[in-house]
$ cat work_17.txt   # compact mmCIF, C-alpha atoms
# COMPACT_ATOMS: atom_id res chain seq x y z
CA MET C 1 134.47 139.80 159.18
CA LYS C 2 132.53 136.86 160.56
CA LYS C 3 134.28 134.31 162.71
CA ALA C 4 135.10 130.99 161.14
CA ASN C 5 135.32 127.38 162.16
CA TRP C 6 138.41 125.89 163.66
CA LEU C 7 137.40 122.30 163.57
CA LYS C 8 140.41 120.44 162.42
CA VAL C 9 137.95 117.76 161.62
CA LEU C 10 139.31 117.20 158.22
CA GLY C 11 142.82 118.00 159.04
CA MET C 12 142.99 114.66 160.69
CA GLY C 13 142.94 111.65 158.51
CA SER C 14 139.26 111.54 158.11
CA LEU C 15 137.79 114.71 157.95
CA VAL C 16 135.41 114.42 158.22
CA THR C 17 135.39 111.18 159.56
CA VAL C 18 134.17 112.57 162.60
CA ALA C 19 130.71 111.65 162.70
CA GLY C 20 128.02 109.58 163.82
CA VAL C 21 124.79 109.25 165.46
CA LEU C 22 123.33 108.65 168.78
CA THR C 23 119.83 107.94 169.70
CA ALA C 24 118.02 107.34 172.87
CA CYS C 25 114.56 107.36 174.15
CA GLY C 26 113.68 110.59 175.90
CA ASP C 27 112.55 111.02 179.44
CA GLY C 28 109.03 112.23 179.82
CA GLY C 29 107.58 114.39 182.55
CA ASN C 30 104.11 115.06 183.90
CA ASP C 31 104.42 118.75 184.67
CA ALA C 32 102.55 121.18 182.49
CA GLY C 33 104.41 123.84 180.54
CA GLY C 34 103.45 127.49 180.59
CA ASP C 35 101.07 126.99 177.66
CA GLY C 36 99.25 124.13 179.34
CA GLU C 37 100.96 121.44 177.30
CA GLU C 38 102.53 118.49 179.03
CA GLU C 39 106.17 119.12 179.83
CA VAL C 40 108.51 116.82 177.97
CA THR C 41 112.26 116.26 178.13
CA ILE C 42 114.03 115.07 175.00
CA ARG C 43 117.67 114.17 174.60
CA LEU C 44 119.96 115.52 171.90
CA THR C 45 123.36 113.92 171.38
CA GLY C 46 126.35 115.41 169.54
CA TRP C 47 130.10 115.45 169.80
CA GLN C 48 132.51 117.70 171.61
CA SER C 49 133.15 121.09 170.04
CA SER C 50 135.23 124.20 170.60
CA PRO C 51 134.12 126.59 173.38
CA THR C 52 132.96 129.17 170.85
CA GLU C 53 130.99 126.61 168.88
CA GLN C 54 129.48 125.28 172.10
CA ARG C 55 128.32 128.76 173.09
CA TYR C 56 126.48 129.31 169.81
CA PHE C 57 124.95 125.87 170.04
CA GLU C 58 123.65 126.60 173.54
CA GLU C 59 122.19 129.90 172.33
CA THR C 60 120.34 128.05 169.57
CA ILE C 61 118.94 125.50 172.02
CA ALA C 62 117.88 128.31 174.38
CA ALA C 63 116.00 130.00 171.53
CA PHE C 64 114.15 126.75 170.85
CA GLU C 65 113.19 126.27 174.49
CA GLU C 66 111.90 129.84 174.60
CA GLU C 67 109.66 129.16 171.62
CA TYR C 68 108.59 125.75 172.97
CA PRO C 69 108.52 126.21 176.77
CA HIS C 70 107.00 122.78 177.38
CA ILE C 71 110.00 121.01 175.79
CA ASN C 72 113.21 120.68 177.78
CA VAL C 73 116.30 119.71 175.77
CA GLN C 74 118.93 117.64 177.55
CA VAL C 75 122.17 117.91 175.56
CA ASP C 76 124.48 114.92 175.78
CA THR C 77 128.01 115.40 174.43
CA ILE C 78 130.23 112.50 173.41
CA ALA C 79 133.86 113.52 173.67
CA ASP C 80 135.48 110.63 171.81
CA GLN C 81 134.77 107.48 169.79
CA TYR C 82 131.38 108.83 168.78
CA MET C 83 130.29 105.97 166.55
CA ASP C 84 131.43 103.29 168.98
CA VAL C 85 129.46 104.90 171.78
CA LEU C 86 126.52 105.34 169.45
CA ARG C 87 126.37 101.71 168.46
CA THR C 88 126.64 100.60 172.07
CA ARG C 89 123.76 102.86 173.08
CA LEU C 90 121.64 101.81 170.13
CA ILE C 91 122.12 98.15 170.97
CA GLY C 92 121.29 98.85 174.60
CA GLY C 93 118.24 101.00 173.81
CA GLU C 94 119.81 103.98 175.54
CA ALA C 95 120.38 106.36 172.64
CA ALA C 96 118.91 109.87 172.38
CA ASP C 97 115.77 111.15 170.66
CA VAL C 98 117.74 113.36 168.26
CA PHE C 99 121.39 113.09 167.31
CA PHE C 100 124.11 114.27 164.98
CA LEU C 101 124.69 111.99 161.99
CA ASP C 102 127.66 112.52 159.69
CA ALA C 103 126.94 111.92 156.01
CA PHE C 104 130.00 109.63 155.92
CA GLU C 105 128.34 107.23 158.39
CA ALA C 106 124.72 107.78 157.36
CA PRO C 107 124.23 104.83 154.96
CA GLY C 108 125.16 102.27 157.59
CA LEU C 109 122.80 103.73 160.19
CA ILE C 110 120.01 104.08 157.65
CA GLN C 111 120.39 100.45 156.63
CA SER C 112 120.27 99.30 160.25
CA GLY C 113 116.73 100.62 160.68
CA VAL C 114 117.36 102.76 163.75
CA LEU C 115 116.39 106.07 162.11
CA GLU C 116 112.96 107.61 161.73
CA PRO C 117 112.11 108.75 158.18
CA LEU C 118 111.25 112.46 158.23
CA ASP C 119 109.17 112.85 155.07
CA ASP C 120 105.78 112.67 156.80
CA TYR C 121 106.77 115.40 159.25
CA ILE C 122 107.84 117.95 156.63
CA THR C 123 105.31 120.55 155.50
CA ASP C 124 105.40 123.04 152.62
CA GLU C 125 106.11 125.85 155.09
CA PHE C 126 109.37 124.20 156.05
CA ASP C 127 110.68 124.93 152.52
CA ILE C 128 112.74 121.81 151.90
CA GLU C 129 113.77 123.20 148.50
CA ASP C 130 115.82 125.87 150.29
CA PHE C 131 118.51 123.32 151.21
CA GLN C 132 121.48 122.95 148.89
CA GLU C 133 120.65 119.85 146.89
CA PRO C 134 123.93 117.88 147.28
CA LEU C 135 123.67 118.24 151.06
CA ILE C 136 120.07 117.13 151.40
CA ASP C 137 120.68 114.23 149.00
CA ALA C 138 123.39 112.88 151.31
CA PHE C 139 120.61 111.80 153.69
CA ARG C 140 118.19 110.43 151.09
CA ARG C 141 117.95 106.69 150.58
CA ASP C 142 115.20 104.48 149.24
CA ASP C 143 113.26 107.63 148.30
CA GLN C 144 113.08 108.70 151.93
CA LEU C 145 114.80 111.41 153.94
CA TRP C 146 116.59 110.26 157.10
CA GLY C 147 118.08 113.51 158.36
CA LEU C 148 118.31 117.24 157.67
CA PRO C 149 121.72 118.89 157.18
CA LYS C 150 122.42 121.24 160.04
CA ASP C 151 125.31 123.01 158.27
CA THR C 152 128.18 122.38 155.89
CA SER C 153 131.88 122.98 155.34
CA THR C 154 133.63 122.99 151.98
CA LEU C 155 137.18 123.24 150.66
CA ALA C 156 138.89 126.16 148.93
CA LEU C 157 142.42 127.27 148.06
CA PHE C 158 144.31 129.29 150.67
CA TYR C 159 147.22 131.25 149.23
CA ASN C 160 149.88 133.47 150.78
CA GLU C 161 149.44 136.87 149.14
CA ASP C 162 152.95 138.06 150.02
CA HIS C 163 154.56 134.98 148.48
CA LEU C 164 152.56 135.34 145.28
CA GLU C 165 153.31 139.05 145.00
CA GLU C 166 157.04 138.49 145.55
CA ALA C 167 156.99 135.88 142.77
CA GLY C 168 155.30 138.32 140.39
CA TYR C 169 151.78 136.86 140.44
CA ASP C 170 148.79 139.17 140.67
CA GLY C 171 146.34 136.50 141.79
CA PRO C 172 145.85 132.81 142.61
CA PRO C 173 145.86 130.04 139.97
CA GLU C 174 142.63 129.34 138.11
CA THR C 175 143.55 125.96 136.63
CA TRP C 176 145.44 122.97 138.02
CA GLU C 177 148.15 123.49 135.42
CA GLU C 178 148.63 127.04 136.68
CA LEU C 179 148.74 125.75 140.27
CA GLU C 180 151.60 123.38 139.43
CA GLU C 181 153.52 126.10 137.57
CA MET C 182 153.09 128.55 140.44
CA ALA C 183 154.00 125.91 143.03
CA GLU C 184 157.30 125.36 141.24
CA THR C 185 158.09 129.08 141.27
CA LEU C 186 156.99 129.51 144.90
CA THR C 187 159.09 126.61 146.20
CA GLU C 188 162.35 127.87 147.67
CA GLY C 189 164.49 126.98 150.66
CA ASN C 190 162.41 125.18 153.27
CA ARG C 191 159.14 126.44 151.78
CA TYR C 192 156.97 124.40 149.44
CA GLY C 193 154.69 125.86 146.82
CA PHE C 194 151.82 123.52 147.68
CA GLY C 195 150.77 121.68 150.83
CA VAL C 196 148.93 118.36 150.43
CA VAL C 197 146.67 116.62 152.95
CA THR C 198 146.60 113.06 151.72
CA ASP C 199 143.35 111.61 153.07
CA LEU C 200 140.58 110.48 150.75
CA ALA C 201 138.13 112.91 152.34
CA ARG C 202 140.19 115.69 150.68
CA LEU C 203 141.21 113.90 147.49
CA LYS C 204 138.01 112.16 146.37
CA PHE C 205 136.95 114.94 144.00
CA ILE C 206 140.43 114.96 142.44
CA ALA C 207 140.49 111.16 142.14
CA GLU C 208 137.18 111.26 140.27
CA SER C 209 137.97 114.31 138.12
CA GLY C 210 138.87 112.17 135.09
CA GLY C 211 135.58 110.28 135.10
CA GLY C 212 136.58 107.36 137.30
CA GLN C 213 134.95 106.40 140.58
CA ILE C 214 136.69 105.28 143.75
CA VAL C 215 133.58 103.29 144.71
CA GLU C 216 131.66 101.08 142.25
CA ASP C 217 128.76 98.92 143.42
CA ASN C 218 129.78 99.60 147.03
CA ARG C 219 133.28 98.19 146.40
CA ALA C 220 136.64 99.93 146.08
CA SER C 221 137.77 100.71 142.54
CA PHE C 222 141.05 102.52 143.18
CA SER C 223 142.81 100.76 140.29
CA ASP C 224 140.51 102.40 137.73
CA PRO C 225 143.00 103.88 135.21
CA SER C 226 141.16 107.22 135.34
CA VAL C 227 141.58 107.35 139.13
CA LEU C 228 145.29 106.54 138.89
CA GLU C 229 145.81 109.17 136.20
CA ALA C 230 143.97 111.82 138.23
CA LEU C 231 146.01 111.21 141.40
CA GLN C 232 149.43 110.74 139.82
CA PRO C 233 150.15 114.50 139.55
CA ILE C 234 149.74 114.85 143.34
CA VAL C 235 152.39 112.15 143.91
CA ASP C 236 154.67 113.60 141.22
CA MET C 237 154.53 117.09 142.73
CA ARG C 238 156.22 115.69 145.83
CA ASN C 239 158.53 113.00 144.50
CA GLU C 240 159.47 114.12 140.99
CA LYS C 241 159.15 117.91 141.05
CA GLU C 242 159.72 118.38 144.80
CA ILE C 243 157.29 121.32 144.90
CA ALA C 244 154.72 119.84 147.29
CA ALA C 245 154.78 118.27 150.73
CA SER C 246 152.43 117.04 153.44
CA PRO C 247 152.16 118.72 156.87
CA ALA C 248 154.10 115.80 158.38
CA ASP C 249 156.96 116.44 155.95
CA VAL C 250 157.61 119.80 157.61
CA GLY C 251 156.82 118.76 161.18
CA ALA C 252 153.33 120.30 161.21
CA GLU C 253 150.32 118.65 162.83
CA TRP C 254 147.86 119.62 160.10
CA GLY C 255 147.41 121.85 157.07
CA GLY C 256 146.62 124.95 159.09
CA ASP C 257 149.95 124.80 160.90
CA MET C 258 151.83 124.20 157.66
CA PHE C 259 150.22 127.20 155.97
CA GLY C 260 150.29 129.45 159.04
CA THR C 261 154.02 128.89 159.60
CA GLU C 262 154.50 129.72 155.90
CA ARG C 263 156.01 126.35 155.03
CA ALA C 264 153.48 126.15 152.18
CA SER C 265 152.47 129.03 149.93
CA MET C 266 149.21 127.36 148.90
CA ILE C 267 147.04 124.67 150.44
CA ILE C 268 143.52 123.30 150.03
CA GLU C 269 141.68 123.60 153.33
CA GLY C 270 138.20 124.18 154.71
CA ASN C 271 136.38 127.17 156.16
CA TRP C 272 137.27 125.97 159.66
CA MET C 273 140.74 127.37 159.01
CA LEU C 274 139.57 131.00 158.92
CA GLU C 275 139.13 131.30 162.67
CA PHE C 276 142.36 129.38 163.22
CA MET C 277 144.33 131.81 161.06
CA GLU C 278 142.71 134.81 162.73
CA ASP C 279 143.49 133.52 166.22
CA THR C 280 146.85 131.83 165.68
CA PHE C 281 148.52 133.54 162.72
CA PRO C 282 146.93 137.00 162.50
CA ASP C 283 149.98 138.50 160.78
CA VAL C 284 149.96 136.16 157.78
CA ASN C 285 148.63 137.97 154.71
CA TYR C 286 146.51 135.45 152.84
CA GLY C 287 143.57 135.13 150.49
CA VAL C 288 141.04 132.43 149.64
CA ALA C 289 139.92 131.37 146.15
CA GLU C 290 137.90 128.56 144.64
CA ILE C 291 139.99 125.46 143.93
CA PRO C 292 141.57 125.65 140.46
CA THR C 293 139.64 123.78 137.79
CA ILE C 294 140.70 120.29 136.73
CA ASN C 295 140.00 119.38 133.11
CA GLY C 296 137.95 122.53 132.87
CA GLU C 297 135.61 121.52 135.70
CA GLN C 298 135.21 123.03 139.14
CA GLY C 299 135.53 120.72 142.12
CA SER C 300 135.64 120.66 145.91
CA MET C 301 134.51 118.53 148.81
CA ALA C 302 131.55 119.22 151.09
CA TYR C 303 131.10 117.84 154.58
CA THR C 304 127.76 117.81 156.30
CA VAL C 305 126.07 116.47 159.42
CA SER C 306 122.37 115.99 159.96
CA TYR C 307 119.99 116.10 162.84
CA SER C 308 118.30 112.72 162.72
CA MET C 309 115.58 111.12 164.82
CA ASN C 310 115.67 107.89 166.77
CA SER C 311 113.02 105.51 165.47
CA ALA C 312 112.61 104.30 169.08
CA SER C 313 111.94 107.77 170.51
CA GLU C 314 108.88 108.00 172.74
CA HIS C 315 108.47 111.71 171.87
CA LYS C 316 108.65 111.87 168.10
CA ASP C 317 106.45 114.95 167.70
CA GLU C 318 108.63 116.94 170.09
CA ALA C 319 111.79 115.50 168.52
CA TRP C 320 110.57 116.73 165.14
CA GLN C 321 109.80 120.17 166.56
CA LEU C 322 113.42 120.37 167.71
CA ILE C 323 114.80 119.23 164.33
CA GLU C 324 112.43 121.58 162.52
CA PHE C 325 113.65 124.56 164.56
CA LEU C 326 117.35 123.73 164.42
CA THR C 327 117.31 123.21 160.64
CA GLY C 328 114.73 125.91 159.99
CA LYS C 329 115.68 129.40 158.91
CA GLU C 330 115.57 130.94 162.39
CA GLY C 331 117.56 128.28 164.20
CA MET C 332 120.09 127.86 161.41
CA GLU C 333 120.73 131.59 161.28
CA ILE C 334 121.51 131.68 165.01
CA TRP C 335 123.80 128.64 164.78
CA THR C 336 125.73 129.64 161.65
CA SER C 337 125.97 133.37 162.35
CA SER C 338 129.32 132.73 164.03
CA GLY C 339 130.85 131.41 160.83
CA LEU C 340 131.96 128.26 162.64
CA ALA C 341 130.05 126.34 160.02
CA LEU C 342 128.24 127.48 156.88
CA PRO C 343 124.47 127.35 156.32
CA SER C 344 123.01 124.43 154.40
CA ARG C 345 120.05 126.65 153.46
CA GLU C 346 120.64 129.05 150.58
CA SER C 347 118.36 131.72 152.07
CA VAL C 348 120.31 131.75 155.35
CA ALA C 349 123.63 132.11 153.52
CA GLU C 350 122.15 135.10 151.68
CA GLU C 351 120.75 136.61 154.86
CA LEU C 352 124.13 136.41 156.57
CA ASP C 353 125.91 137.93 153.53
CA TYR C 354 128.52 135.18 153.37
CA ALA C 355 128.66 135.43 149.59
CA ASP C 356 129.74 139.08 149.92
CA ASP C 357 132.67 138.28 152.20
CA GLU C 358 135.81 137.70 150.12
CA LEU C 359 137.07 135.01 152.49
CA TYR C 360 133.79 133.13 152.77
CA ALA C 361 132.53 133.50 149.19
CA PRO C 362 134.69 130.68 147.70
CA PHE C 363 133.30 128.22 150.26
CA ILE C 364 129.72 129.28 149.57
CA GLU C 365 130.25 128.95 145.82
CA ALA C 366 131.76 125.50 146.25
CA ALA C 367 128.63 124.16 147.97
CA SER C 368 126.76 124.15 144.65
CA TYR C 369 129.20 121.79 142.90
CA ALA C 370 131.19 120.05 145.66
CA THR C 371 131.37 116.29 146.05
CA VAL C 372 129.74 115.40 149.37
CA TRP C 373 131.87 113.19 151.59
CA ALA C 374 129.42 110.31 151.54
CA ASP C 375 128.73 107.25 149.44
CA ASP C 376 127.47 103.83 150.47
CA THR C 377 127.67 101.57 153.48
CA ASN C 378 131.24 100.41 152.78
CA LEU C 379 132.84 103.84 152.47
CA PRO C 380 134.43 103.65 155.96
CA ILE C 381 136.26 100.43 154.98
CA ILE C 382 137.22 101.82 151.58
CA ASN C 383 138.45 105.06 153.15
CA SER C 384 140.68 103.41 155.74
CA ASN C 385 142.38 101.20 153.17
CA PHE C 386 143.00 104.11 150.81
CA GLU C 387 144.71 106.04 153.57
CA ASN C 388 146.84 103.04 154.55
CA GLN C 389 148.26 102.70 151.04
CA PHE C 390 148.14 106.08 149.30
CA SER C 391 150.52 107.59 151.83
CA SER C 392 153.17 105.01 150.88
CA ALA C 393 152.98 106.17 147.25
CA PHE C 394 153.01 109.82 148.24
CA LEU C 395 156.15 109.19 150.32
CA GLY C 396 157.80 107.52 147.32
CA ASN C 397 157.98 104.07 148.88
CA ARG C 398 156.10 102.37 146.05
CA SER C 399 154.33 103.25 142.83
CA LEU C 400 150.85 104.69 142.97
CA GLN C 401 149.47 101.80 140.94
CA GLU C 402 150.96 99.20 143.29
CA ALA C 403 149.71 101.07 146.36
CA LEU C 404 146.15 101.51 145.15
CA GLU C 405 145.85 98.00 143.73
CA GLU C 406 146.82 96.74 147.20
CA ALA C 407 144.34 99.11 148.85
CA GLU C 408 141.58 97.91 146.54
CA ARG C 409 142.37 94.23 147.11
CA VAL C 410 142.43 94.51 150.92
CA ALA C 411 139.34 96.71 151.07
CA ASN C 412 137.28 94.39 148.90
CA ASN C 413 138.43 91.32 150.83
CA GLU C 414 137.23 93.01 154.03
CA ILE C 415 133.94 93.89 152.37
CA GLN C 416 133.47 90.33 151.14
CA ASP C 417 134.23 88.90 154.57

$ encode --input "work_17.txt" --output "structure tokens"
Amino acid sequence: MKKANWLKVLGMGSLVTVAGVLTACGDGGNDAGGDGEEEVTIRLTGWQSSPTEQRYFEETIAAFEEEYPHINVQVDTIADQYMDVLRTRLIGGEAADVFFLDAFEAPGLIQSGVLEPLDDYITDEFDIEDFQEPLIDAFRRDDQLWGLPKDTSTLALFYNEDHLEEAGYDGPPETWEELEEMAETLTEGNRYGFGVVTDLARLKFIAESGGGQIVEDNRASFSDPSVLEALQPIVDMRNEKEIAASPADVGAEWGGDMFGTERASMIIEGNWMLEFMEDTFPDVNYGVAEIPTINGEQGSMAYTVSYSMNSASEHKDEAWQLIEFLTGKEGMEIWTSSGLALPSRESVAEELDYADDELYAPFIEAASYATVWADDTNLPIINSNFENQFSSAFLGNRSLQEALEEAERVANNEIQD
């Protein structure tokens, strides 16, 4: 079985809110490479990763430098406060030639004019159609492409096979109604049938499952009756039925701990949890399935990060060659072969046989219909205000309608100001 990703990225309040971009002009050199071309150094900025992820990333960069011996890649890692550091470097003209850009933060950076549009660099041989459409669209704006998705992660349902078997179930739930029924049966003692991570990065697809939108015209619309109706069952599972709980309710740091310690029989988590379970809870017997349908429709979330180019780079041709390799079939296969993240190219996912692996297949399937964690320039403001208020409703301190009306009011006041 392939290794999986243990980024708790989304297990924190903003999954994915890890993101950003950094750009900086590259340093040039005058030495000639082995092929007679002028030697060039370009900078690539990303964020801190696990040791395993870092090793695969370094192998991918080494493969690029072997193919392009005249281009030296200087990797610059930002350990914390990625977007704050990014903005500081952009303002100071010190950002890198190529950088990671989270889809969550992309609209704001695109609007600021610091990114280089990539359309004129892309040729037919690059096979842009090979990318999963929702992921590539996250970096399109004004009919231009401002980044290429380096990988993706999606959500699926983790379930404890022993718990389900003991309760007389021969498989995971297929509909949300079945999930609630099973959660009630599975709840006993200090164990809950369903674990809930309450951030919007996990719940957006549920909130919009009834036809409502949490963002309308780049403003919060949490009080949409369809949004309230879609989220109310999550609140009721904890406060009325007492069959669901958050990781914090059981003293766990995140969903992986809650599921691994068997305090929840089912939980919606991402593919990053596979490596975590293998390394930390190898004795837990579990399976993975696609998230149960809501109103007859499949849903999930997808998280993606692009390689984007600094519009101020002095080495744009070489910067493109790096992006082209890293997001091309060869580079992406090296990077995603670890399973730390999933390919954003359909052909690479097929080549690596992820769809044939029973643990990975639900995540691969979800990529075709998942809601990408991205929207417009005000999503960061809208997200933070949702999290501030939804948790109070989930904890039973106020009604969901009161909480989300307050979240909407505060968010839109901030946007207006």

$ residues_around --input "work_17.txt" --residues "range 216-229 of chain C" --least-positions-apart "4" --cutoff "7 Å" --atoms "all atoms listed in the file" --output "ChimeraX atom specification"
/C:207-208,210-212,376,378,382,401,404-405,408,411-412

$ residues_around --input "work_17.txt" --residues "range 154-156 of chain C" --least-positions-apart "5" --cutoff "7 Å" --atoms "all atoms listed in the file" --output "PyMOL selection string"
chain C and resi 268-271+288-291+300-303+362-363+366-367

$ residues_around --input "work_17.txt" --residues "Lys150 in chain C" --least-positions-apart "6" --cutoff "12 Å" --atoms "only C-alpha atoms" --output "ChimeraX atom specification"
/C:46,57,60,99-103,131-132,135-136,139,303-308,322-329,331-336,341-345,348

$ write_last_selection --input "work_17.txt" --atoms "C-alpha atoms" --output "compact mmCIF listing (two decimals), keeping the file's coordinate frame"
# COMPACT_ATOMS: atom_id res chain seq x y z
CA GLY C 46 126.35 115.41 169.54
CA PHE C 57 124.95 125.87 170.04
CA THR C 60 120.34 128.05 169.57
CA PHE C 99 121.39 113.09 167.31
CA PHE C 100 124.11 114.27 164.98
CA LEU C 101 124.69 111.99 161.99
CA ASP C 102 127.66 112.52 159.69
CA ALA C 103 126.94 111.92 156.01
CA PHE C 131 118.51 123.32 151.21
CA GLN C 132 121.48 122.95 148.89
CA LEU C 135 123.67 118.24 151.06
CA ILE C 136 120.07 117.13 151.40
CA PHE C 139 120.61 111.80 153.69
CA TYR C 303 131.10 117.84 154.58
CA THR C 304 127.76 117.81 156.30
CA VAL C 305 126.07 116.47 159.42
CA SER C 306 122.37 115.99 159.96
CA TYR C 307 119.99 116.10 162.84
CA SER C 308 118.30 112.72 162.72
CA LEU C 322 113.42 120.37 167.71
CA ILE C 323 114.80 119.23 164.33
CA GLU C 324 112.43 121.58 162.52
CA PHE C 325 113.65 124.56 164.56
CA LEU C 326 117.35 123.73 164.42
CA THR C 327 117.31 123.21 160.64
CA GLY C 328 114.73 125.91 159.99
CA LYS C 329 115.68 129.40 158.91
CA GLY C 331 117.56 128.28 164.20
CA MET C 332 120.09 127.86 161.41
CA GLU C 333 120.73 131.59 161.28
CA ILE C 334 121.51 131.68 165.01
CA TRP C 335 123.80 128.64 164.78
CA THR C 336 125.73 129.64 161.65
CA ALA C 341 130.05 126.34 160.02
CA LEU C 342 128.24 127.48 156.88
CA PRO C 343 124.47 127.35 156.32
CA SER C 344 123.01 124.43 154.40
CA ARG C 345 120.05 126.65 153.46
CA VAL C 348 120.31 131.75 155.35

$ closest_residue --input "work_17.txt" --among "C:Glu406, C:Asp199, C:Glu133, C:Glu414" --to "Thr371 in chain C" --atoms "all atoms listed in the file"
C:Glu133

$ residues_around --input "work_17.txt" --residues "Asp80 in chain C" --least-positions-apart "4" --cutoff "10 Å" --atoms "only C-alpha atoms" --output "compact mmCIF listing (two decimals) with C-alpha atoms, in the frame of the given file"
# COMPACT_ATOMS: atom_id res chain seq x y z
CA VAL C 18 134.17 112.57 162.60
CA TRP C 47 130.10 115.45 169.80
CA GLN C 48 132.51 117.70 171.61
CA ASP C 84 131.43 103.29 168.98
CA VAL C 85 129.46 104.90 171.78

$ atom_distance --input "work_17.txt" --atom1 "CA of Pro172 in chain C" --atom2 "CA of Thr185 in chain C"
12.9 Å

$ atom_distance --input "work_17.txt" --atom1 "CA of Thr377 in chain C" --atom2 "CA of Pro107 in chain C"
5.0 Å

$ closest_residue --input "work_17.txt" --among "C:Gly339, C:Pro282, C:Pro69, C:Gly147" --to "Leu118 in chain C" --atoms "all atoms listed in the file"
C:Gly147

$ closest_residue --input "work_17.txt" --among "C:Leu359, C:Leu148, C:Ile214, C:Met182" --to "Gly287 in chain C" --atoms "all atoms listed in the file"
C:Leu359

$ atom_distance --input "work_17.txt" --atom1 "CA of Asp127 in chain C" --atom2 "CA of Ser347 in chain C"
10.3 Å

$ residues_near_point --input "work_17.txt" --point "(154.9, 123.6, 158.4)" --cutoff "12 Å" --atoms "only C-alpha atoms" --output "PyMOL selection string"
chain C and resi 190-196+244-267

$ closest_residue --input "work_17.txt" --among "C:Phe126, C:Phe394, C:Phe386, C:Trp176" --to "Arg409 in chain C" --atoms "only C-alpha atoms"
C:Phe386

$ build_atoms --input "work_17.txt" --residues "range 187-198 of chain C" --atoms "N, CA, C and O atoms" --output "tab-separated table (two decimals), keeping the file's coordinate frame"
chain	number	residue	atom	x	y	z
C	187	THR	N	158.27	127.48	145.37
C	187	THR	CA	159.09	126.61	146.20
C	187	THR	C	160.52	127.16	146.28
C	187	THR	O	161.19	127.35	145.26
C	188	GLU	N	160.97	127.42	147.47
C	188	GLU	CA	162.35	127.87	147.67
C	188	GLU	C	162.76	127.63	149.12
C	188	GLU	O	161.95	127.76	150.05
C	189	GLY	N	164.00	127.26	149.31
C	189	GLY	CA	164.49	126.98	150.66
C	189	GLY	C	163.69	125.89	151.33
C	189	GLY	O	163.49	124.81	150.78
C	190	ASN	N	163.21	126.17	152.54
C	190	ASN	CA	162.41	125.18	153.27
C	190	ASN	C	160.91	125.41	153.10
C	190	ASN	O	160.11	124.96	153.91
C	191	ARG	N	160.56	126.16	152.06
C	191	ARG	CA	159.14	126.44	151.78
C	191	ARG	C	158.72	125.73	150.51
C	191	ARG	O	159.41	125.75	149.50
C	192	TYR	N	157.53	125.09	150.59
C	192	TYR	CA	156.97	124.40	149.44
C	192	TYR	C	155.87	125.25	148.81
C	192	TYR	O	155.16	125.98	149.50
C	193	GLY	N	155.72	125.10	147.50
C	193	GLY	CA	154.69	125.86	146.82
C	193	GLY	C	153.29	125.39	147.15
C	193	GLY	O	152.34	126.17	147.14
C	194	PHE	N	153.15	124.09	147.47
C	194	PHE	CA	151.82	123.52	147.68
C	194	PHE	C	151.86	122.51	148.81
C	194	PHE	O	152.73	121.64	148.86
C	195	GLY	N	150.92	122.64	149.75
C	195	GLY	CA	150.77	121.68	150.83
C	195	GLY	C	149.66	120.69	150.49
C	195	GLY	O	148.62	121.07	149.96
C	196	VAL	N	149.88	119.42	150.79
C	196	VAL	CA	148.93	118.36	150.43
C	196	VAL	C	148.51	117.60	151.68
C	196	VAL	O	149.36	117.07	152.40
C	197	VAL	N	147.23	117.51	151.92
C	197	VAL	CA	146.67	116.62	152.95
C	197	VAL	C	146.18	115.39	152.22
C	197	VAL	O	145.36	115.48	151.31
C	198	THR	N	146.71	114.23	152.58
C	198	THR	CA	146.60	113.06	151.72
C	198	THR	C	145.42	112.14	152.00
C	198	THR	O	145.38	111.03	151.48
